[in-house]
Amino acid sequence: MSRLFGTDGIRGLAGEEPLTPETVSRIAGAFAECLQSDNATETGGRPWVLIGHDGRESADCLVASVQAGLAAAGVDSQEAGLITTPGLATLVRELGAAGGAMLSASHNPARDNGIKLFNNRGEKLDDATERRIEASVAHPRAHAPGRFGARRAGSAVRPEIYLGGLVERSGIARDALYGYRIAFDGAHGGGAFLGPDLFRSLGAQVFEIGTSPDGLNINDGFGALHPEKLAKLVIDNKCHLGLALDGDGDRSMFVDERGDVVDGDGVIAACAPDLLERGELPGAAVVSTVMSNFGLQQFLRDRNIQIEQVPVGDRNVVARLKERGLALGAEPSGHVVFGDDNAFVGDGLYTALRVLDLLYRRKVTLSSLAHFERAEQVMINVTVTKRTPLEELPAVMDAKSKAERDLAGRGRVVLRYSGTEPLVRVMVESTVHGMARRHASEIADAVRQSILN
C-alpha cells in the first residue's frame, strides 16, 4: 500500500480506498496498537480513544468502523459527536484519553472525508508513528481471540468543557464582547454551533451563516474558503468583524469592519507587534510557511520582528514553534498557532478570542492592525495524475529559474505538490504589477506540458 498520510492526516473520497469500512477499521486497529505499545495512557485500565466528526454524511459509517477497529485491538472509545478538530484535540488532553480520532476532510467537499489521529497530549502523530500505522495496515495480523470489547459507556462529551477552556486560556474578559457585533460563518461544519454559543456567552450580538449542517452542505459556498458571503454579512449588519471557520474549525479567516478579508498573514501582522510590546514574543520572531506573502516579511522587519519560514502544513509550523520556543505562527490559509496557553493547537475559535481580546484592550479596529502592503501573489493549481519529482522536469526547472532571475529582490517562486490533492501548486509573488501573473502562467504551462504529455 502507498503512503496513507498526507500533510494533514488521511484523506480521500468516502467509500473508496483508503476510506472504506474495512481499511478504516484496520487503520484504527493499527493506531490502537501504537497507543498500547507506547504506553500512551497511565490510567491503569483499558485505554480509550475519543472520536469526533465534522458532520459529513459518511461520518456515521466511518465512526463505526473506527470503533470496530479499536475494539478488536482491545481499546475502548467514546464519542464527542459533531465538533471541531481542535476541540477534539483539546478534549483528548483534558479528559485523559489515550488518543483521538477525528473524521474530517477539513475544507474539502462533502463527498470527501478523512482521519486525523492524535496522541494523549492532543498532538498530531509524528512521522515515525504514521509510518508504523502504514506498515501495519499494509501487513495486518490477526488479533487474539477475546480482545473485542464494548465501546466506553457514558454520555456524549459536553462542548462546554472545551469552550470554557478556550475563554480561560485566551485571557479575554468575561464581558469583553458586550456591544460587539460579530458575523460568523461556520461552514456548515464542526464549529457551526460552537462559534455562536461561544461569542454570545461573552456578550456579543452574533449574525450567523453556515450554521445548518445537513451532511451534504459542508464547505459548499461557505466557510474560510468562501469569505465573500461573510464580508456582505459584516457590511449589512455593521459588524465589528467577521469570522469564518473551515469545515473542521482549525482555520480562521477574518473580515474586518470595512469588509476586507484578513488571512493568517494578517493575524500575524496584528498580533506579533502587540506580543513584542508586551514582552510575550520570544526571540522577537514568528513562524510562517513558504506561502506567506512576500510583503509580510518587510512589514515585520520594519518592526524588528524576524520571520522564520517552514514548508506548508500546520504541523511544520508547530514543530518550529516548539523547536525554537516561539509564541506565534500561521499559514495564510488561516491556520494560526499560539505557542503559549493553547498547547500549540491551531484553533479558529481560540484565534478569534485572541484577536478580539487585542481589539478590546487597545480599543482599535481590526483594519487598523491587520493590513500591510502586500506583494502581488498569483496561485495556479495544475491537476496531475502522477507525481514525477519536479526537479526531474527540465522545462519546469528552466521556467522556474527564469522567473527567479527576473524577480531577484522583487519577489519569489514557490513550486510544490499539494499534500492533500492531486495538484501542483505554482505560486509567484512580485512587487512589480503583472510580473507575477506572467511568470506563474509560464511555469504552469511548463508543468502541464511536462507531466500531462
# chains A, B, ... in the order shown; residues from 1 in each chain; ligands from 1
>>> residues_around(residues="Ala128 in chain A", least_positions_apart="6", cutoff="12 Å", atoms="only C-alpha atoms", output="list in words")
Phe5, Cys34, Glu134 and Ala135 of chain A
>>> select_by_dssp(residues="range 131-355 of chain A", states="strand (DSSP E)", output="MDAnalysis selection string")
chainID A and resid 181:185 205:209 241:245 252:255 261:262 285:289 306:310 328:330 336:338
>>> residues_around(residues="Val413 in chain A", least_positions_apart="4", cutoff="12 Å", atoms="only C-alpha atoms", output="number ranges by chain")
A: 290-294, 376-380, 397, 399-409, 425-430, 435-437, 439-444
>>> write_last_selection(atoms="C-alpha atoms", output="compact mmCIF listing (two decimals), in the first residue's frame")
# COMPACT_ATOMS: atom_id res chain seq x y z
CA VAL A 290 6.65 29.43 2.33
CA MET A 291 3.17 30.51 1.19
CA SER A 292 3.22 33.63 3.37
CA ASN A 293 3.05 36.89 1.45
CA PHE A 294 6.36 38.48 0.49
CA GLU A 376 1.02 40.68 -5.86
CA GLN A 377 0.51 36.94 -5.37
CA VAL A 378 -0.67 34.59 -8.12
CA MET A 379 -1.50 30.95 -7.46
CA ILE A 380 -2.21 28.44 -10.22
CA MET A 397 13.09 23.97 -13.81
CA ALA A 399 10.84 28.28 -16.34
CA LYS A 400 11.32 28.50 -12.57
CA SER A 401 14.96 29.64 -12.91
CA LYS A 402 14.00 32.28 -15.47
CA ALA A 403 11.34 33.66 -13.11
CA GLU A 404 13.70 33.72 -10.13
CA ARG A 405 16.32 35.66 -12.09
CA ASP A 406 13.72 38.21 -13.18
CA LEU A 407 12.24 38.53 -9.68
CA ALA A 408 15.52 38.79 -7.75
CA GLY A 409 14.91 41.11 -4.81
CA ARG A 425 0.74 24.41 -6.83
CA VAL A 426 2.51 27.24 -8.64
CA MET A 427 2.82 30.44 -6.63
CA VAL A 428 4.64 33.55 -7.80
CA GLU A 429 4.88 36.87 -5.95
CA SER A 430 6.18 40.22 -7.16
CA MET A 435 5.14 40.20 -13.37
CA ALA A 436 3.79 37.51 -11.01
CA ARG A 437 0.95 36.50 -13.33
CA HIS A 439 5.76 34.02 -14.68
CA ALA A 440 3.12 31.89 -12.93
CA SER A 441 1.43 31.21 -16.27
CA GLU A 442 4.71 30.24 -17.90
CA ILE A 443 5.65 27.84 -15.10
CA ALA A 444 2.14 26.31 -15.03
>>> residues_around(residues="Arg258 in chain A", least_positions_apart="4", cutoff="10 Å", atoms="only C-alpha atoms", output="MDAnalysis selection string")
chainID A and resid 231:232 234:235 238:241 365:367
>>> write_last_selection(atoms="N, CA and C atoms", output="mmCIF file, in the first residue's frame")
data_model
loop_
_atom_site.group_PDB
_atom_site.id
_atom_site.type_symbol
_atom_site.label_atom_id
_atom_site.label_comp_id
_atom_site.auth_asym_id
_atom_site.auth_seq_id
_atom_site.Cartn_x
_atom_site.Cartn_y
_atom_site.Cartn_z
ATOM 1 N N ALA A 231 -18.266 38.680 4.242
ATOM 2 C CA ALA A 231 -17.991 40.106 4.068
ATOM 3 C C ALA A 231 -19.294 40.883 3.901
ATOM 4 N N LYS A 232 -20.224 40.340 3.135
ATOM 5 C CA LYS A 232 -21.520 41.001 2.954
ATOM 6 C C LYS A 232 -22.277 41.060 4.269
ATOM 7 N N VAL A 234 -21.016 41.188 7.248
ATOM 8 C CA VAL A 234 -20.376 42.212 8.081
ATOM 9 C C VAL A 234 -20.871 43.602 7.686
ATOM 10 N N ILE A 235 -20.848 43.914 6.401
ATOM 11 C CA ILE A 235 -21.250 45.242 5.936
ATOM 12 C C ILE A 235 -22.738 45.490 6.190
ATOM 13 N N LYS A 238 -23.272 46.053 9.925
ATOM 14 C CA LYS A 238 -22.345 46.972 10.600
ATOM 15 C C LYS A 238 -21.598 46.286 11.749
ATOM 16 N N CYS A 239 -21.038 45.112 11.432
ATOM 17 C CA CYS A 239 -20.336 44.329 12.455
ATOM 18 C C CYS A 239 -18.931 44.867 12.694
ATOM 19 N N HIS A 240 -18.420 44.601 13.884
ATOM 20 C CA HIS A 240 -17.048 44.968 14.205
ATOM 21 C C HIS A 240 -16.053 44.081 13.472
ATOM 22 N N LEU A 241 -16.425 42.816 13.260
ATOM 23 C CA LEU A 241 -15.605 41.900 12.464
ATOM 24 C C LEU A 241 -16.412 40.656 12.154
ATOM 25 N N THR A 365 -9.773 49.097 15.744
ATOM 26 C CA THR A 365 -10.444 48.247 14.761
ATOM 27 C C THR A 365 -9.458 47.235 14.184
ATOM 28 N N LEU A 366 -10.000 46.166 13.629
ATOM 29 C CA LEU A 366 -9.139 45.153 13.028
ATOM 30 C C LEU A 366 -8.395 45.713 11.823
ATOM 31 N N SER A 367 -9.044 46.570 11.047
ATOM 32 C CA SER A 367 -8.392 47.113 9.849
ATOM 33 C C SER A 367 -7.162 47.935 10.196
#
>>> atom_distance(atom1="CA of Val75 in chain A", atom2="CA of Gly247 in chain A")
28.0 Å
>>> atom_distance(atom1="CA of Thr20 in chain A", atom2="CA of Cys61 in chain A")
9.1 Å
>>> atom_distance(atom1="CA of His226 in chain A", atom2="CA of Gly191 in chain A")
15.8 Å
>>> closest_atom_pairs(of="range 241-352 of chain A", to="range 79-88 of chain A", cutoff="12 Å", atoms="only C-alpha atoms", output="CSV")
residue,atom,partner,partner_atom,distance
A:Leu245,CA,A:Thr84,CA,9.6
A:Asp246,CA,A:Thr84,CA,9.3
A:Gly247,CA,A:Thr84,CA,7.9
A:Asp248,CA,A:Thr84,CA,4.7
A:Gly249,CA,A:Thr84,CA,4.9
A:Asp250,CA,A:Pro86,CA,6.0
A:Arg251,CA,A:Pro86,CA,9.7
A:Ser252,CA,A:Pro86,CA,11.9
A:His335,CA,A:Pro86,CA,11.0
A:Val336,CA,A:Pro86,CA,11.5
A:Val337,CA,A:Pro86,CA,10.8
A:Asn342,CA,A:Pro86,CA,9.9
A:Ala343,CA,A:Pro86,CA,10.6
A:Phe344,CA,A:Pro86,CA,10.1
A:Val345,CA,A:Pro86,CA,6.3
A:Gly346,CA,A:Pro86,CA,6.5
A:Asp347,CA,A:Pro86,CA,5.3
A:Gly348,CA,A:Pro86,CA,8.2
A:Leu349,CA,A:Pro86,CA,9.0
A:Tyr350,CA,A:Pro86,CA,9.2
A:Thr351,CA,A:Pro86,CA,11.3
>>> residues_around(residues="range 316-326 of chain A", least_positions_apart="3", cutoff="7 Å", atoms="only C-alpha atoms", output="PyMOL selection string")
chain A and resi 281-283+285-288+310-313+329-330+339+344
>>> select_by_dssp(residues="range 248-312 of chain A", states="helix (DSSP H, G or I)", output="number ranges by chain")
A: 264-277, 282-284, 294-301
>>> write_last_selection(atoms="N, CA and C atoms", output="compact mmCIF listing (two decimals), in the first residue's frame")
# COMPACT_ATOMS: atom_id res chain seq x y z
N GLY A 264 -4.29 34.49 7.55
CA GLY A 264 -3.31 34.18 8.59
C GLY A 264 -2.17 35.16 8.64
N ASP A 265 -1.72 35.66 7.49
CA ASP A 265 -0.69 36.69 7.47
C ASP A 265 -1.17 37.94 8.20
N GLY A 266 -2.44 38.29 7.98
CA GLY A 266 -2.99 39.47 8.65
C GLY A 266 -3.06 39.30 10.15
N VAL A 267 -3.34 38.08 10.61
CA VAL A 267 -3.37 37.82 12.05
C VAL A 267 -1.98 38.01 12.65
N ILE A 268 -0.94 37.53 11.94
CA ILE A 268 0.42 37.77 12.41
C ILE A 268 0.72 39.25 12.46
N ALA A 269 0.34 39.99 11.40
CA ALA A 269 0.59 41.43 11.36
C ALA A 269 -0.09 42.15 12.53
N ALA A 270 -1.28 41.68 12.92
CA ALA A 270 -1.99 42.31 14.02
C ALA A 270 -1.43 41.94 15.38
N CYS A 271 -1.11 40.65 15.56
CA CYS A 271 -0.78 40.15 16.89
C CYS A 271 0.70 40.24 17.25
N ALA A 272 1.59 40.04 16.27
CA ALA A 272 3.02 39.99 16.59
C ALA A 272 3.55 41.28 17.22
N PRO A 273 3.25 42.47 16.67
CA PRO A 273 3.75 43.69 17.32
C PRO A 273 3.23 43.86 18.74
N ASP A 274 1.97 43.48 18.98
CA ASP A 274 1.40 43.58 20.33
C ASP A 274 2.12 42.64 21.29
N LEU A 275 2.38 41.41 20.84
CA LEU A 275 3.10 40.46 21.69
C LEU A 275 4.51 40.95 21.99
N LEU A 276 5.16 41.53 20.98
CA LEU A 276 6.51 42.06 21.19
C LEU A 276 6.50 43.17 22.22
N GLU A 277 5.56 44.07 22.11
CA GLU A 277 5.46 45.20 23.04
C GLU A 277 5.20 44.74 24.46
N PRO A 282 8.96 35.61 22.30
CA PRO A 282 10.33 35.13 22.48
C PRO A 282 11.12 35.19 21.18
N GLY A 283 12.37 35.66 21.29
CA GLY A 283 13.23 35.73 20.12
C GLY A 283 12.84 36.80 19.13
N ALA A 284 11.81 37.59 19.46
CA ALA A 284 11.30 38.61 18.53
C ALA A 284 11.11 37.99 17.14
N PHE A 294 5.05 37.84 0.51
CA PHE A 294 6.36 38.48 0.49
C PHE A 294 6.35 39.81 1.25
N GLY A 295 5.22 40.53 1.19
CA GLY A 295 5.13 41.82 1.87
C GLY A 295 5.13 41.73 3.37
N LEU A 296 4.73 40.58 3.94
CA LEU A 296 4.71 40.44 5.39
C LEU A 296 6.11 40.49 5.96
N GLN A 297 7.07 39.95 5.22
CA GLN A 297 8.45 39.96 5.70
C GLN A 297 8.94 41.39 5.93
N GLN A 298 8.67 42.29 4.98
CA GLN A 298 9.11 43.67 5.12
C GLN A 298 8.36 44.37 6.25
N PHE A 299 7.06 44.08 6.36
CA PHE A 299 6.25 44.67 7.42
C PHE A 299 6.82 44.34 8.79
N LEU A 300 7.16 43.07 9.00
CA LEU A 300 7.70 42.65 10.29
C LEU A 300 9.13 43.14 10.50
N ARG A 301 9.92 43.13 9.43
CA ARG A 301 11.30 43.61 9.53
C ARG A 301 11.33 45.07 9.99
>>> residues_around(residues="range 181-188 of chain A", least_positions_apart="5", cutoff="7 Å", atoms="only C-alpha atoms", output="list in words")
Ala204, Gln205, Val206, Phe207, Glu208, Ile209, Gly210, Thr211, Ser212, Pro213, Asn217, Ile218, Asn219, Phe222, Gly223, Leu230, Leu233, Val234, Cys239, His240, Leu241, Gly242, Leu243, Ala244, Leu245, Asp246 and Gly247 of chain A
